[in-house]
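A.B. asks: Before I ask anything, let me first share the structure, which is written out below as structure tokens.
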Amino acid sequence: MSQDTDMPAASNDGVLAFAHIGDLHLTDARQRNFTDLLAIVAQIEIECARTLDFVVLPGDNADNGLPGQYALAATALKMLSVPVHVIPGDHDMEQGGLDNFYRGLGADPLPKALTVRGVRCLFLDISGPGTGGPDFRLGADQAAWLARELGDAERQGLPSLVFTHTYPDDLQGEGETEAMNRLLAAHDVALVDMGHTHYNELSNDGRTIFAATRSTGQIEEGPVGYSIATLDGGVVSWRFRALDDGFPFVVITAPADHRLIRGEDQRVGARCTVRALVFGASATRRVACRVEGGEWVEMARADGSDLWSADLDLPGDRLVGIEVHAVDALGRPGVHAIRAAGPGFAPPHRAARGSDADSVGAWPENGIFGTQLGPNRNGAAKS
């Protein structure tokens with residue numbers, strides 16, 4: 001039922017990085033979402049491919065599940081030299097099955113598992129029984145498979161990432177939400193990556209981060225773009241990149257922002273190592289970091305990678321501001337800033353329902369508006 005593969009990783013000194021292109025909802029080549037997809041794929045290939053481990057599409061790839069719509073997606077994705085992993089959503093089931101999805105995209109059978117950079121990546125099909133609409137189901141066989149895979153990963157000491165179309169709380173099968181939440185809580189699942197919402201959102205139940213990325217094809221808020229997520233020694237980082245933003249694009253991979261800490265061990269002490277990936281086709285000339293607007297500290301590049309690091313002395317505050325600034329060979333700047341959790345930081349109460357109840361709220365610097373303009377919460381006609 002699954003394809004179990006070990007993927008070779010690019011050289012980023014142990015940091016896993018992937019790009020997420022949100023729900024495509026493709027219809028025909030004359031529509032804006034297809035031209036946006038072409039632009040996104042071209043940009044990822046030119047500017048980011050060497051730094052990424054893979055690209056993921058989270059479902060609702062074809063708006064009506066039709067062969068011609070998948071042909072558009074396949075045409076665009078041929079530009080990418082990095083691996084692409086595609087899962088279905090409810091719109092992919094509108095023809096009553098997934099034959100067109102698998103045939104049109106050459107997708108691997110689901111569920112599937114692979115190991116990337118010492119991380120177990122699990123891709124699910126929760127698209128439902130083929131009636132159309134968001135009737136999401138995990139199913140007994142897939143639930144058993146997920147339990148086995150998470151258990152095996154934990155026995156091997158590997159963290160896991162789960163890729164699924166929507167929040168566990170949206171599952172419609174009897175007891176499925178509760179069962180999936182128990183599995184996530186019982187194992188080291190760092191991130192659940194999703195589509196469906198049509199808006200950017202991060203939720204943190206104190207152990208697992210849930211990340212949803214804005215739709216490419218039915219956008220109800222903000223500019224088109226894609227997200228980049230990283231996992232660095234258990235630390236999750238996530239940023240949305242608007243298509244029209246410039247490069248270089250910086251992602252601080254460690255330490256964790258206070259909104260994304262997954263345990264006490266992700267707080268910062270009096271001294272910590274700051275690590276950041278720098279994306280962009282042009283060579284990086286200089287990268288530096290600082291604390292709370294203080295003096296800049298030069299960062300060193302790991303051999304053969306786009307990862308930069310430096311050690312910083314930190315004040316023992318509740319929240320600690322850390323900023324990384326990069327300049328490329330063309331003189332173009334890129335910046336990313338976080339607020340790390342110091343010893344006095346008090347995390348919020350967690351509902352831990354596999355839903356947006358633990359949303360971190362608006363985070364404009366990372367592309368999250370907090371407006372929830374999409375089908376999950378505001379009852380838009382689209383789904």
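We name chains A, B, ... following the order of the structure tokens; residues begin at 1 in each chain, and ligands are numbered from 1 as shown.
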Which neighbours of Gly195 of chain A fall inside 7 Å, counting only C-alpha atoms, when residues of the same chain fewer than 6 positions from it are skipped, and could you give them as a PyMOL selection string?

C.D. replies: chain A and resi 22-23+58-59+165-166+212-213

A.B. asks: Which polymer residues have any atom within 6 Å of an atom of segment 256-268 of chain A, counting only C-alpha atoms, with same-chain residues fewer than 4 positions away left out, as a CSV table (one decimal) with all heavy atoms, in the first residue's frame?

C.D. replies:
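Saved to part.csv:
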chain,number,residue,atom,x,y,z
A,206,GLY,N,1.7,22.4,21.2
A,206,GLY,CA,2.8,22.2,22.2
A,206,GLY,C,3.7,21.1,21.9
A,206,GLY,O,4.8,21.0,22.5
A,207,ARG,N,3.3,20.3,20.9
A,207,ARG,CA,4.2,19.1,20.5
A,207,ARG,C,4.4,19.1,19.0
A,207,ARG,O,5.4,18.8,18.5
A,207,ARG,CB,3.6,17.8,21.0
A,207,ARG,CG,4.5,16.6,20.8
A,207,ARG,CD,3.9,15.4,21.4
A,207,ARG,NE,4.7,14.2,21.1
A,207,ARG,CZ,5.7,13.8,21.8
A,207,ARG,NH1,6.1,14.5,22.9
A,207,ARG,NH2,6.4,12.7,21.5
A,235,VAL,N,13.5,21.6,15.4
A,235,VAL,CA,13.0,22.9,15.4
A,235,VAL,C,12.3,23.1,14.0
A,235,VAL,O,12.9,22.9,13.0
A,235,VAL,CB,14.1,24.0,15.6
A,235,VAL,CG1,13.5,25.4,15.3
A,235,VAL,CG2,14.6,23.9,17.0
A,338,ILE,N,13.1,36.6,14.3
A,338,ILE,CA,12.2,35.8,15.1
A,338,ILE,C,12.3,36.4,16.6
A,338,ILE,O,13.2,37.2,16.9
A,338,ILE,CB,12.6,34.3,15.1
A,338,ILE,CG1,14.0,34.1,15.7
A,338,ILE,CG2,12.5,33.7,13.8
A,338,ILE,CD1,14.3,32.7,16.0
A,339,ARG,N,11.4,35.9,17.4
A,339,ARG,CA,11.6,36.1,18.9
A,339,ARG,C,11.6,34.8,19.6
A,339,ARG,O,10.6,34.1,19.6
A,339,ARG,CB,10.4,37.0,19.4
A,339,ARG,CG,10.3,38.3,18.6
A,339,ARG,CD,9.3,39.2,19.3
A,339,ARG,NE,9.8,39.8,20.5
A,339,ARG,CZ,9.0,40.4,21.4
A,339,ARG,NH1,7.7,40.5,21.2
A,339,ARG,NH2,9.5,41.0,22.5
A,340,ALA,N,12.8,34.4,20.0
A,340,ALA,CA,13.0,33.1,20.7
A,340,ALA,C,12.4,33.2,22.1
A,340,ALA,O,12.3,34.2,22.7
A,340,ALA,CB,14.5,32.8,20.7
A,341,ALA,N,12.2,32.0,22.6
A,341,ALA,CA,11.6,31.9,24.0
A,341,ALA,C,12.7,31.7,25.0
A,341,ALA,O,13.5,30.8,25.0
A,341,ALA,CB,10.7,30.7,24.0
A,342,GLY,N,12.8,32.7,25.9
A,342,GLY,CA,13.8,32.7,27.0
A,342,GLY,C,13.3,31.9,28.1
A,342,GLY,O,12.1,31.3,28.1

A.B. asks: Looking only at strand (DSSP E or B) from DSSP on the backbone, list the matching residues of segment 193-379 of chain A as a PyMOL selection string.

C.D. replies: chain A and resi 193-194+201-204+209-212+225-232+235-242+249-254+257+271-279+284-291+297-298+300-301+307-313+319-328+333-341+359+363+368

A.B. asks: Please write the residues from the selection above to a file, keeping C-alpha atoms, as a PDB file, in the first residue's frame.

C.D. replies:
ATOM      1  CA  ASP A 193       1.684  20.120   6.542  1.00  0.00           C
ATOM      2  CA  MET A 194      -1.694  20.857   4.901  1.00  0.00           C
ATOM      3  CA  GLU A 201      -2.099  29.520   9.177  1.00  0.00           C
ATOM      4  CA  LEU A 202       0.119  27.981  11.835  1.00  0.00           C
ATOM      5  CA  SER A 203      -1.176  26.107  14.848  1.00  0.00           C
ATOM      6  CA  ASN A 204       0.921  24.694  17.697  1.00  0.00           C
ATOM      7  CA  ILE A 209       3.092  22.284  14.436  1.00  0.00           C
ATOM      8  CA  PHE A 210       0.202  22.353  11.934  1.00  0.00           C
ATOM      9  CA  ALA A 211       0.934  24.468   8.842  1.00  0.00           C
ATOM     10  CA  ALA A 212      -1.546  25.438   6.120  1.00  0.00           C
ATOM     11  CA  GLY A 225       3.197  32.616  -3.480  1.00  0.00           C
ATOM     12  CA  TYR A 226       4.448  29.509  -1.719  1.00  0.00           C
ATOM     13  CA  SER A 227       5.773  28.537   1.677  1.00  0.00           C
ATOM     14  CA  ILE A 228       9.145  27.149   2.716  1.00  0.00           C
ATOM     15  CA  ALA A 229       9.350  24.985   5.816  1.00  0.00           C
ATOM     16  CA  THR A 230      12.425  23.605   7.559  1.00  0.00           C
ATOM     17  CA  LEU A 231      13.211  21.101  10.290  1.00  0.00           C
ATOM     18  CA  ASP A 232      16.505  21.612  12.091  1.00  0.00           C
ATOM     19  CA  VAL A 235      12.970  22.916  15.396  1.00  0.00           C
ATOM     20  CA  VAL A 236      10.262  23.837  12.875  1.00  0.00           C
ATOM     21  CA  SER A 237      10.459  27.062  10.889  1.00  0.00           C
ATOM     22  CA  TRP A 238       7.938  28.276   8.284  1.00  0.00           C
ATOM     23  CA  ARG A 239       7.759  31.346   6.057  1.00  0.00           C
ATOM     24  CA  PHE A 240       5.466  32.341   3.206  1.00  0.00           C
ATOM     25  CA  ARG A 241       7.197  33.827   0.150  1.00  0.00           C
ATOM     26  CA  ALA A 242       5.087  36.095  -2.033  1.00  0.00           C
ATOM     27  CA  PHE A 249      15.216  34.857   0.982  1.00  0.00           C
ATOM     28  CA  VAL A 250      16.339  34.041   4.525  1.00  0.00           C
ATOM     29  CA  VAL A 251      14.866  31.421   6.844  1.00  0.00           C
ATOM     30  CA  ILE A 252      16.154  31.165  10.416  1.00  0.00           C
ATOM     31  CA  THR A 253      16.119  27.411  11.046  1.00  0.00           C
ATOM     32  CA  ALA A 254      17.233  27.564  14.704  1.00  0.00           C
ATOM     33  CA  ASP A 257      10.462  31.285  17.302  1.00  0.00           C
ATOM     34  CA  ARG A 271      24.131  31.400  24.616  1.00  0.00           C
ATOM     35  CA  CYS A 272      22.814  29.699  21.506  1.00  0.00           C
ATOM     36  CA  THR A 273      23.729  28.821  17.941  1.00  0.00           C
ATOM     37  CA  VAL A 274      21.783  30.700  15.277  1.00  0.00           C
ATOM     38  CA  ARG A 275      21.390  28.887  11.959  1.00  0.00           C
ATOM     39  CA  ALA A 276      19.806  30.154   8.752  1.00  0.00           C
ATOM     40  CA  LEU A 277      19.286  29.020   5.171  1.00  0.00           C
ATOM     41  CA  VAL A 278      19.709  31.585   2.420  1.00  0.00           C
ATOM     42  CA  PHE A 279      17.778  30.959  -0.811  1.00  0.00           C
ATOM     43  CA  THR A 284      25.660  34.979  -1.003  1.00  0.00           C
ATOM     44  CA  ARG A 285      28.301  37.565  -0.133  1.00  0.00           C
ATOM     45  CA  ARG A 286      27.700  38.106   3.578  1.00  0.00           C
ATOM     46  CA  VAL A 287      25.395  36.885   6.357  1.00  0.00           C
ATOM     47  CA  ALA A 288      25.275  38.328   9.864  1.00  0.00           C
ATOM     48  CA  CYS A 289      23.022  38.076  12.913  1.00  0.00           C
ATOM     49  CA  ARG A 290      22.303  40.154  15.978  1.00  0.00           C
ATOM     50  CA  VAL A 291      20.299  40.171  19.194  1.00  0.00           C
ATOM     51  CA  VAL A 297      27.990  39.050  14.331  1.00  0.00           C
ATOM     52  CA  GLU A 298      29.320  37.478  11.137  1.00  0.00           C
ATOM     53  CA  ALA A 300      29.976  31.240   8.760  1.00  0.00           C
ATOM     54  CA  ARG A 301      28.822  29.036   5.907  1.00  0.00           C
ATOM     55  CA  LEU A 307      23.367  27.067   5.718  1.00  0.00           C
ATOM     56  CA  TRP A 308      25.013  29.773   7.813  1.00  0.00           C
ATOM     57  CA  SER A 309      25.610  29.791  11.579  1.00  0.00           C
ATOM     58  CA  ALA A 310      27.039  31.788  14.473  1.00  0.00           C
ATOM     59  CA  ASP A 311      26.996  31.646  18.273  1.00  0.00           C
ATOM     60  CA  LEU A 312      25.319  34.515  20.115  1.00  0.00           C
ATOM     61  CA  ASP A 313      25.218  35.608  23.740  1.00  0.00           C
ATOM     62  CA  LEU A 319      11.403  36.846  24.609  1.00  0.00           C
ATOM     63  CA  VAL A 320      14.664  37.372  22.733  1.00  0.00           C
ATOM     64  CA  GLY A 321      14.702  39.122  19.343  1.00  0.00           C
ATOM     65  CA  ILE A 322      17.109  37.550  16.826  1.00  0.00           C
ATOM     66  CA  GLU A 323      17.652  38.919  13.320  1.00  0.00           C
ATOM     67  CA  VAL A 324      19.594  37.500  10.364  1.00  0.00           C
ATOM     68  CA  HIS A 325      20.595  39.737   7.443  1.00  0.00           C
ATOM     69  CA  ALA A 326      22.033  38.440   4.153  1.00  0.00           C
ATOM     70  CA  VAL A 327      23.478  40.256   1.152  1.00  0.00           C
ATOM     71  CA  ASP A 328      24.054  38.571  -2.198  1.00  0.00           C
ATOM     72  CA  PRO A 333      19.470  42.287   0.996  1.00  0.00           C
ATOM     73  CA  GLY A 334      17.313  39.658   2.667  1.00  0.00           C
ATOM     74  CA  VAL A 335      16.244  39.492   6.296  1.00  0.00           C
ATOM     75  CA  HIS A 336      14.397  37.230   8.707  1.00  0.00           C
ATOM     76  CA  ALA A 337      13.643  37.975  12.357  1.00  0.00           C
ATOM     77  CA  ILE A 338      12.208  35.829  15.145  1.00  0.00           C
ATOM     78  CA  ARG A 339      11.571  36.149  18.861  1.00  0.00           C
ATOM     79  CA  ALA A 340      12.977  33.142  20.660  1.00  0.00           C
ATOM     80  CA  ALA A 341      11.599  31.872  23.965  1.00  0.00           C
ATOM     81  CA  SER A 359      -3.526  28.945  16.067  1.00  0.00           C
ATOM     82  CA  TRP A 363       2.122  36.901  12.021  1.00  0.00           C
ATOM     83  CA  ILE A 368       0.062  35.127   8.101  1.00  0.00           C
TER      84      ILE A 368
END

A.B. asks: I'd like the interatomic distance between atom CA of Gly97 of chain A and atom CA of Asn64 of chain A, to a tenth of an Å.

C.D. replies: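 Separation between atom CA of Gly97 of chain A and atom CA of Asn64 of chain A: 11.3 Å.
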
A.B. asks: Would you mind telling me which residue in A:Pro255, A:Pro67, A:Pro168, A:Gly294 lies nearest to Gly354 of chain A when using only C-alpha atoms?

C.D. replies: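 Ranking A:Pro255, A:Pro67, A:Pro168, A:Gly294 by distance to Gly354 of chain A, first place goes to A:Pro168.
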
A.B. asks: Counting only C-alpha atoms, which residue out of A:Pro83, A:Gly269, A:Gly217, A:Gly89 sits closest to Asp28 of chain A?

C.D. replies: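 Looking only at the distances to Asp28 of chain A, the closest residue turns out to be A:Gly217.
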
A.B. asks: Quick one: pick out all alpha helix (DSSP H) residues within segment 40-263 of chain A from a backbone DSSP run and write them as a PyMOL selection string.

C.D. replies: chain A and resi 40-43+67-77+99-105+140-155+176-186

A.B. asks: Using only C-alpha atoms, find the one residue out of A:Val82, A:Val360, A:Ala29, A:Val56 that sits nearest to Phe123 of chain A.

C.D. replies: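 Of A:Val82, A:Val360, A:Ala29, A:Val56, the one nearest Phe123 of chain A is A:Val56, counting only C-alpha atoms.
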
A.B. asks: Within 10 Å of segment 31-46 of chain A, counting only C-alpha atoms, which residues qualify if same-chain residues fewer than 5 places away don't, as a VMD selection string?

C.D. replies: chain A and resid 19 21 to 26 51 to 52 55 69 72 to 73 75 to 82 215 to 219 224 to 226 242 to 244 279 to 282

A.B. asks: Looking at only C-alpha atoms, which of A:Arg318, A:Arg120, A:Arg155, A:Arg103 is the one that sits closest to Leu16 of chain A?

C.D. replies: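 Result for the nearest residue to Leu16 of chain A: A:Arg120.
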